[in-house]
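Q: So that we are looking at the same thing, I have put the structure below in structure tokens.
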2 protein chains.
Amino acid sequence: MKAKVTPIWRREDRADHIYRVAAGIMRRKGYEATSMSDIAEAVGLTKAGMYHYIRGKEHLLFSIMSFAMDTVDQHVIEPARGLAGAEQRLRTMVELHARRILESGGEVTILLEEMWALTPAHRRIIRRRKRVYFETVRGTLKQLASEGKLRKVDPSVATFSLFGMINWISRWYRHDGKLSSEAIVRDFTEIAMSSVLQTAGAQEPSHFALYPAGSTL
Amino acid sequence: MKAKVTPIWRREDRADHIYRVAAGIMRRKGYEATSMSDIAEAVGLTKAGMYHYIRGKEHLLFSIMSFAMDTVDQHVIEPARGLAGAEQRLRTMVELHARRILESGGEVTILLEEMWALTPAHRRIIRRRKRVYFETVRGTLKQLASEGKLRKVDPSVATFSLFGMINWISRWYRHDGKLSSEAIVRDFTEIAMSSVLQTAGAQEPSHFALYPAGSTL
DNA sequence: CCCCATTTGCCGACCGACCGGTAGATCCGC
DNA sequence: GCGGATCTACCGGTCGGTCGGCAAATGGGG
């Protein structure tokens with residue numbers, strides 16, 4: 001009596017679906033704590049059936065991470081690449097990245113931290129792509145520094161701080177929260193930009209007065 | 001010939017040692033990926049021997065997290081509590097917390113993120129303590145806002161951003177890096193403070209001009 | 001249109017490895 | 001010889017992953 005649904009799955013769609021479901025579960029429970037049975041059940045297959053489409057747990061994680069890096073390349077780095085001013089470029093990257101995280105639910109961000117679970121070869125690939133992004137931002141900050149628009153801080157520390165703020169978003173943002181995502185993006189972008197940008201009128205940050213001249217720098 | 005060392009372990013010292021070793025391994029590999037055998041081997045005991053001192057894996061994690069919260073209470077919140085100005089209080093917390101992370105190796109910070117591994121009861125306890133800290137910072141930001149010293153941003157978003165920067169430190173800081181920890185603390189504190197503090201001379205952030213008046217706030 | 005061989009999608013049963021944790025014997029300083 | 005510390009041996013259970021096979025599609029040749 002139970003009419004078999006037999007939805008028309010194209011093979012690659014089925015695989016994509018598995019990636020998506022797995023990403024959601026792994027985001028909530030972490031990679032190690034997520035069993036293949038968990039994923040299979042959520043997908044609506046048995047474990048053996050699921051293995052028809054995927055190669056293994058580690059490769060699944062690697063695929064998700066690669067997809068995450070693809071979206072960052074496509075929707076954050078690429079749109080900002082051609083922009084003229086360094087400040088404009090940085091602001092665009094911060095804003096686009098923040099918006100991406102809010103819209104994607106953050107699976108993508110959080111799983112990028114499970115590097116230790118990858119095989120050395122896969123880890124190297126992901127690390128390399130992350131470094132490209134990091135160096136893009138750091139290069140922009142260095143350009144800002146050469147224009148006198150960066151605070152008197154180490155560009156690497158500034159870059160790490162920016163990534164900290166950005167990557168943390170997915171840990172606190174709730175889709176059903178009080179603030180609209182647009183308001184969050186706006187406030188967040190201002191906070192992030194202000195953290196590294198030297199204010200035009202004040203060449204010296206006020207706190208310099210707190211330290212005696214010539215103290216151990 | 002091998003003279004047995006038999007170091008004189010007081011029972012609680014032994015337990016403390018296990019906590020410390022476990023925290024180090026779990027920081028590198030994550031909670032789930034760390035087996036009790038891993039820890040036992042690193043401690044120099046068999047698994048059964050180790051269970052003489054600890055109650056179980058989950059309770060071990062809970063103890064480490066509680067210790068982490070103790071140090072934050074003791075070395076970050078408490079010293080800042082009595083301070084007069086909101087700005088001074090915030091700066092002190094940021095600086096002390098950052099310094100703590102650099103000095104402790106960061107075990108403490110990272111493991112605080114493995115909340116999902118705790119039993120519901122333990123999770124509630126840790127979450128409550130984290131919330132107290134969060135509200136302390138947010139309260140300070142609100143006070144800054146009432147004094148007109150906070151950027152025109154939501155205090156919660158600002159607080160989350162601050163915690164993001166701070167908690168991210170342990171992911172990039174290497175003890176053998178080029179920068180001295182003092183230089184890092186100094187730069188980082190300036191970045192963090194600037195991200196939320198309204199610059200004295202500029203009452204309106206420049207980007208407000210980009211949005212039409214009365215746009216959806 | 002039918003028949004049948006081949007492929008595809010999927011499953012129940014199962015594997016060896018390892019997990020967290022325990023029982024009971026042994027060791028050793030007092 | 002007593003009691004805490006530590007060991008060897010083992011438990012039940014779960015892990016990631018595989019195997020052989022069933023049933024539904026697929027596709028030609030007649």
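In the structure tokens, chains take the letters A, B, ... in the order shown, each chain's residues start at 1, and ligands count up from 1 in the order shown.
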Can you write out as a Markdown table which residues of chain D fall within 8 Å of chain A, alongside each residue's closest atom pair and its distance in Å to one decimal, counting only C-alpha atoms (C1' of nucleotides) and ordering rows by chain and ascending residue number?

A:
```
| residue | atom | partner | partner_atom | distance |
| --- | --- | --- | --- | --- |
| D:DC15 | C1' | A:Ser35 | CA | 7.6 |
| D:DG16 | C1' | A:Met36 | CA | 7.4 |
| D:DG17 | C1' | A:Gly56 | CA | 8.0 |
```

Q: Please produce an output containing N, CA and C atoms (P, O5', C5', C4', C3', O3' and C1' of nucleotides) for each residue in the selection, written as a PDB file, in the first residue's frame.

A:
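Wrote selection37.pdb, looks like this:
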```
ATOM      1  P    DC D  15      28.404   4.988  17.283  1.00  0.00           P
ATOM      2  O5'  DC D  15      29.742   5.042  16.433  1.00  0.00           O
ATOM      3  C5'  DC D  15      30.947   5.495  17.059  1.00  0.00           C
ATOM      4  C4'  DC D  15      32.143   4.963  16.309  1.00  0.00           C
ATOM      5  C3'  DC D  15      31.988   4.985  14.796  1.00  0.00           C
ATOM      6  O3'  DC D  15      32.410   6.245  14.300  1.00  0.00           O
ATOM      7  C1'  DC D  15      32.993   2.928  15.553  1.00  0.00           C
ATOM      8  P    DG D  16      31.894   6.742  12.877  1.00  0.00           P
ATOM      9  O5'  DG D  16      32.874   5.984  11.873  1.00  0.00           O
ATOM     10  C5'  DG D  16      34.262   6.240  11.947  1.00  0.00           C
ATOM     11  C4'  DG D  16      34.997   5.316  11.003  1.00  0.00           C
ATOM     12  C3'  DG D  16      34.601   5.477   9.533  1.00  0.00           C
ATOM     13  O3'  DG D  16      35.763   5.318   8.721  1.00  0.00           O
ATOM     14  C1'  DG D  16      34.130   3.261  10.267  1.00  0.00           C
ATOM     15  P    DG D  17      35.605   5.481   7.092  1.00  0.00           P
ATOM     16  O5'  DG D  17      35.302   3.984   6.652  1.00  0.00           O
ATOM     17  C5'  DG D  17      36.240   2.970   6.994  1.00  0.00           C
ATOM     18  C4'  DG D  17      35.709   1.617   6.564  1.00  0.00           C
ATOM     19  C3'  DG D  17      35.144   1.560   5.137  1.00  0.00           C
ATOM     20  O3'  DG D  17      35.961   0.683   4.366  1.00  0.00           O
ATOM     21  C1'  DG D  17      33.779   0.387   6.690  1.00  0.00           C
TER      22       DG D  17
END
```

Q: Rotate and translate chain A onto chain B via least squares on all in-order Cα pairs, then write the result as a short mmCIF file (atom, residue, chain, number, x, y, z; two decimals) with C-alpha atoms, in the first residue's frame.

A:
```
data_model
loop_
_atom_site.label_atom_id
_atom_site.label_comp_id
_atom_site.auth_asym_id
_atom_site.auth_seq_id
_atom_site.Cartn_x
_atom_site.Cartn_y
_atom_site.Cartn_z
CA MET A 1 68.89 -2.86 38.29
CA LYS A 2 66.38 -0.25 37.22
CA ALA A 3 66.11 1.87 40.34
CA LYS A 4 62.41 2.59 40.75
CA VAL A 5 61.99 6.33 40.76
CA THR A 6 58.98 6.47 43.03
CA PRO A 7 58.61 10.24 42.91
CA ILE A 8 56.76 11.43 45.94
CA TRP A 9 53.39 12.30 44.50
CA ARG A 10 50.85 13.76 46.77
CA ARG A 11 47.56 12.38 45.63
CA GLU A 12 46.07 15.70 44.60
CA ASP A 13 49.26 16.64 42.77
CA ARG A 14 48.97 13.50 40.72
CA ALA A 15 45.38 14.40 39.85
CA ASP A 16 46.42 17.94 38.93
CA HIS A 17 49.14 16.55 36.73
CA ILE A 18 46.61 14.37 34.92
CA TYR A 19 44.34 17.38 34.38
CA ARG A 20 47.21 19.37 32.94
CA VAL A 21 48.40 16.65 30.58
CA ALA A 22 44.87 15.89 29.47
CA ALA A 23 44.20 19.56 28.78
CA GLY A 24 47.27 19.75 26.56
CA ILE A 25 46.35 16.70 24.51
CA MET A 26 42.70 17.66 24.21
CA ARG A 27 43.66 21.10 23.03
CA ARG A 28 45.67 19.61 20.18
CA LYS A 29 43.29 16.83 19.18
CA GLY A 30 39.90 17.81 20.54
CA TYR A 31 37.94 16.12 23.29
CA GLU A 32 36.34 13.27 21.34
CA ALA A 33 39.48 12.45 19.41
CA THR A 34 41.45 12.09 22.63
CA SER A 35 41.27 8.62 24.14
CA MET A 36 41.81 7.85 27.77
CA SER A 37 44.68 5.60 26.68
CA ASP A 38 46.35 8.58 25.02
CA ILE A 39 46.18 10.49 28.26
CA ALA A 40 47.27 7.55 30.40
CA GLU A 41 50.29 6.96 28.20
CA ALA A 42 51.29 10.62 28.35
CA VAL A 43 50.87 10.59 32.12
CA GLY A 44 52.96 7.45 32.46
CA LEU A 45 50.26 5.17 33.81
CA THR A 46 48.00 2.53 32.39
CA LYS A 47 44.40 3.42 31.83
CA ALA A 48 43.34 1.43 34.87
CA GLY A 49 45.98 3.09 36.98
CA MET A 50 44.84 6.51 35.91
CA TYR A 51 41.26 5.71 36.84
CA HIS A 52 42.53 5.46 40.36
CA TYR A 53 42.65 9.27 40.37
CA ILE A 54 39.89 10.42 38.09
CA ARG A 55 36.23 9.65 37.80
CA GLY A 56 35.78 9.44 34.06
CA LYS A 57 36.33 11.23 30.80
CA GLU A 58 33.43 13.64 31.02
CA HIS A 59 34.23 14.55 34.58
CA LEU A 60 37.81 15.15 33.54
CA LEU A 61 36.66 17.65 30.94
CA PHE A 62 34.35 19.29 33.44
CA SER A 63 37.22 19.66 35.92
CA ILE A 64 39.43 21.25 33.30
CA MET A 65 36.68 23.66 32.30
CA SER A 66 35.99 24.55 35.90
CA PHE A 67 39.67 25.24 36.42
CA ALA A 68 39.63 27.44 33.33
CA MET A 69 36.72 29.44 34.69
CA ASP A 70 38.46 29.70 38.05
CA THR A 71 41.50 31.32 36.48
CA VAL A 72 39.35 33.75 34.50
CA ASP A 73 37.45 34.71 37.65
CA GLN A 74 40.63 35.08 39.59
CA HIS A 75 42.95 36.77 37.14
CA VAL A 76 40.58 38.70 34.88
CA ILE A 77 37.23 39.50 36.44
CA GLU A 78 38.27 39.98 40.05
CA PRO A 79 41.18 42.41 39.42
CA ALA A 80 38.94 44.53 37.20
CA ARG A 81 35.92 44.57 39.45
CA GLY A 82 36.92 47.44 41.69
CA LEU A 83 38.15 49.75 38.95
CA ALA A 84 36.41 53.09 38.73
CA GLY A 85 35.81 53.98 35.09
CA ALA A 86 34.01 51.69 32.66
CA GLU A 87 36.65 52.26 30.00
CA GLN A 88 39.45 51.45 32.40
CA ARG A 89 37.61 48.34 33.55
CA LEU A 90 37.09 47.08 30.02
CA ARG A 91 40.68 47.76 29.01
CA THR A 92 41.91 45.88 32.06
CA MET A 93 39.77 42.85 31.36
CA VAL A 94 40.81 42.70 27.70
CA GLU A 95 44.47 43.06 28.55
CA LEU A 96 44.49 40.58 31.42
CA HIS A 97 42.51 38.00 29.51
CA ALA A 98 44.76 38.26 26.47
CA ARG A 99 47.85 37.97 28.63
CA ARG A 100 46.42 34.93 30.40
CA ILE A 101 45.85 33.14 27.13
CA LEU A 102 49.35 33.88 25.88
CA GLU A 103 50.90 32.65 29.09
CA SER A 104 48.79 29.55 29.66
CA GLY A 105 49.25 28.15 26.18
CA GLY A 106 45.54 28.43 25.59
CA GLU A 107 44.46 24.98 26.72
CA VAL A 108 41.96 26.63 28.93
CA THR A 109 40.33 28.76 26.28
CA ILE A 110 39.89 26.15 23.62
CA LEU A 111 38.45 23.46 25.83
CA LEU A 112 35.75 25.84 26.98
CA GLU A 113 34.20 25.36 23.56
CA GLU A 114 33.54 21.64 23.95
CA MET A 115 30.33 22.30 25.85
CA TRP A 116 28.34 19.72 23.89
CA ALA A 117 30.42 16.93 25.42
CA LEU A 118 29.27 17.72 28.95
CA THR A 119 26.36 16.17 30.74
CA PRO A 120 23.38 18.53 30.90
CA ALA A 121 24.01 19.24 34.58
CA HIS A 122 27.66 20.08 34.08
CA ARG A 123 26.88 22.04 30.94
CA ARG A 124 24.45 24.18 32.87
CA ILE A 125 27.09 24.99 35.48
CA ILE A 126 29.72 26.03 32.95
CA ARG A 127 27.25 27.95 30.82
CA ARG A 128 26.13 29.86 33.87
CA ARG A 129 29.68 30.89 34.73
CA LYS A 130 30.35 31.93 31.16
CA ARG A 131 27.20 34.00 31.16
CA VAL A 132 28.29 35.82 34.31
CA TYR A 133 31.48 36.85 32.53
CA PHE A 134 29.60 37.80 29.39
CA GLU A 135 27.14 39.95 31.34
CA THR A 136 29.99 41.64 33.18
CA VAL A 137 31.49 42.76 29.90
CA ARG A 138 28.14 43.66 28.39
CA GLY A 139 27.26 45.68 31.49
CA THR A 140 30.49 47.58 31.14
CA LEU A 141 29.70 48.31 27.50
CA LYS A 142 26.22 49.53 28.46
CA GLN A 143 27.76 51.87 30.99
CA LEU A 144 30.09 53.12 28.27
CA ALA A 145 27.06 53.67 26.08
CA SER A 146 25.35 55.75 28.75
CA GLU A 147 28.47 57.89 28.86
CA GLY A 148 28.42 58.34 25.10
CA LYS A 149 31.69 56.48 24.75
CA LEU A 150 30.38 53.44 22.94
CA ARG A 151 30.03 53.31 19.18
CA LYS A 152 26.48 53.38 17.91
CA VAL A 153 26.19 49.60 17.90
CA ASP A 154 24.26 47.01 19.79
CA PRO A 155 26.11 46.20 23.05
CA SER A 156 25.53 42.47 22.64
CA VAL A 157 27.01 42.38 19.17
CA ALA A 158 29.95 44.38 20.48
CA THR A 159 30.44 41.99 23.39
CA PHE A 160 30.29 38.93 21.16
CA SER A 161 32.82 40.50 18.84
CA LEU A 162 35.16 41.18 21.71
CA PHE A 163 34.94 37.60 22.91
CA GLY A 164 35.50 36.40 19.36
CA MET A 165 38.74 38.29 19.09
CA ILE A 166 39.89 37.18 22.51
CA ASN A 167 39.00 33.53 22.24
CA TRP A 168 40.55 33.33 18.80
CA ILE A 169 43.99 34.27 20.11
CA SER A 170 44.83 30.76 21.23
CA ARG A 171 44.26 29.51 17.69
CA TRP A 172 46.97 31.61 16.10
CA TYR A 173 49.46 32.48 18.81
CA ARG A 174 52.69 30.52 18.67
CA HIS A 175 55.05 30.82 21.57
CA ASP A 176 58.04 30.86 19.23
CA GLY A 177 56.64 33.45 16.86
CA LYS A 178 58.31 36.66 15.77
CA LEU A 179 56.32 39.04 17.93
CA SER A 180 56.90 39.31 21.66
CA SER A 181 53.87 38.51 23.74
CA GLU A 182 53.99 41.99 25.21
CA ALA A 183 53.83 43.55 21.76
CA ILE A 184 50.91 41.30 20.90
CA VAL A 185 49.04 42.19 24.06
CA ARG A 186 49.58 45.87 23.40
CA ASP A 187 48.45 45.78 19.77
CA PHE A 188 45.60 43.47 20.54
CA THR A 189 44.30 45.63 23.35
CA GLU A 190 44.29 48.66 21.12
CA ILE A 191 42.44 46.79 18.39
CA ALA A 192 39.86 45.45 20.82
CA MET A 193 39.27 48.76 22.57
CA SER A 194 39.06 50.68 19.31
CA SER A 195 36.48 48.27 18.00
CA VAL A 196 33.92 49.36 20.57
CA LEU A 197 35.04 52.78 21.77
CA GLN A 198 33.62 55.89 20.19
CA THR A 199 36.42 58.22 19.19
CA ALA A 200 36.17 61.45 21.15
CA GLY A 201 36.32 63.88 18.24
CA ALA A 202 33.93 62.10 15.86
CA GLN A 203 30.42 61.76 17.25
CA GLU A 204 29.14 60.17 14.06
CA PRO A 205 31.01 57.31 12.43
CA SER A 206 32.03 58.32 8.96
CA HIS A 207 30.21 55.53 7.17
CA PHE A 208 26.80 56.91 8.15
CA ALA A 209 27.15 59.19 5.17
CA LEU A 210 27.07 56.13 2.93
CA TYR A 211 23.47 55.41 3.80
CA PRO A 212 20.64 57.70 2.73
CA ALA A 213 18.91 59.26 5.68
CA GLY A 214 15.95 57.18 6.79
CA SER A 215 17.04 54.01 5.06
CA THR A 216 15.77 50.80 6.60
CA LEU A 217 17.35 50.60 9.99
#
```

Q: Can you check which residues of chain C have any atom within 8 Å of chain A? Use only C-alpha atoms (C1' of nucleotides) and format it as a list in words.

A: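 My answer is DG9, DC10 and DC11 of chain C.
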
Q: Please identify all polymer residues within 10 Å of region 19-27 of chain D, counting only C-alpha atoms (C1' of nucleotides), omitting same-chain residues fewer than 6 positions from it, and present them as a list of chain:residue names.

A: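 After dropping sequence-adjacent residues, the list is C:DA5, C:DT6, C:DT7, C:DT8, C:DG9, C:DC10, C:DC11, C:DG12, C:DA13, C:DC14, C:DC15.
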
Q: What does the distance between C1' of DT6 (chain D) and C1' of DC19 (chain C) come to in Å, to one decimal place?

A: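 Going from C1' of DT6 (chain D) over to C1' of DC19 (chain C) covers 21.6 Å.
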
Q: Expressed in Å to a single decimal, how great is the separation between C1' of DA23 (chain C) and C1' of DC2 (chain D)?

A: 20.5 Å

Q: From chain A, collect each residue whose DSSP state is helix (DSSP H, G or I) and return the set as a PyMOL selection string.

A: chain A and resi 11-29+36-43+47-50+57-81+86-104+107-111+115-117+120-146+155-172+181-196+206-210

Q: Please identify all polymer residues within 12 Å of DG3 (chain D), counting only C-alpha atoms (C1' of nucleotides), omitting same-chain residues fewer than 5 positions from it, and present them as a list of chain:residue names.

A: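 Surrounding residues, per the criterion: C:DC27, C:DC28, C:DG29, C:DC30.
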
Q: How far is it from C1' of DT26 (chain C) to C1' of DG12 (chain D), in Å with one decimal?

A: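 Between these atoms lies a distance of 25.9 Å.
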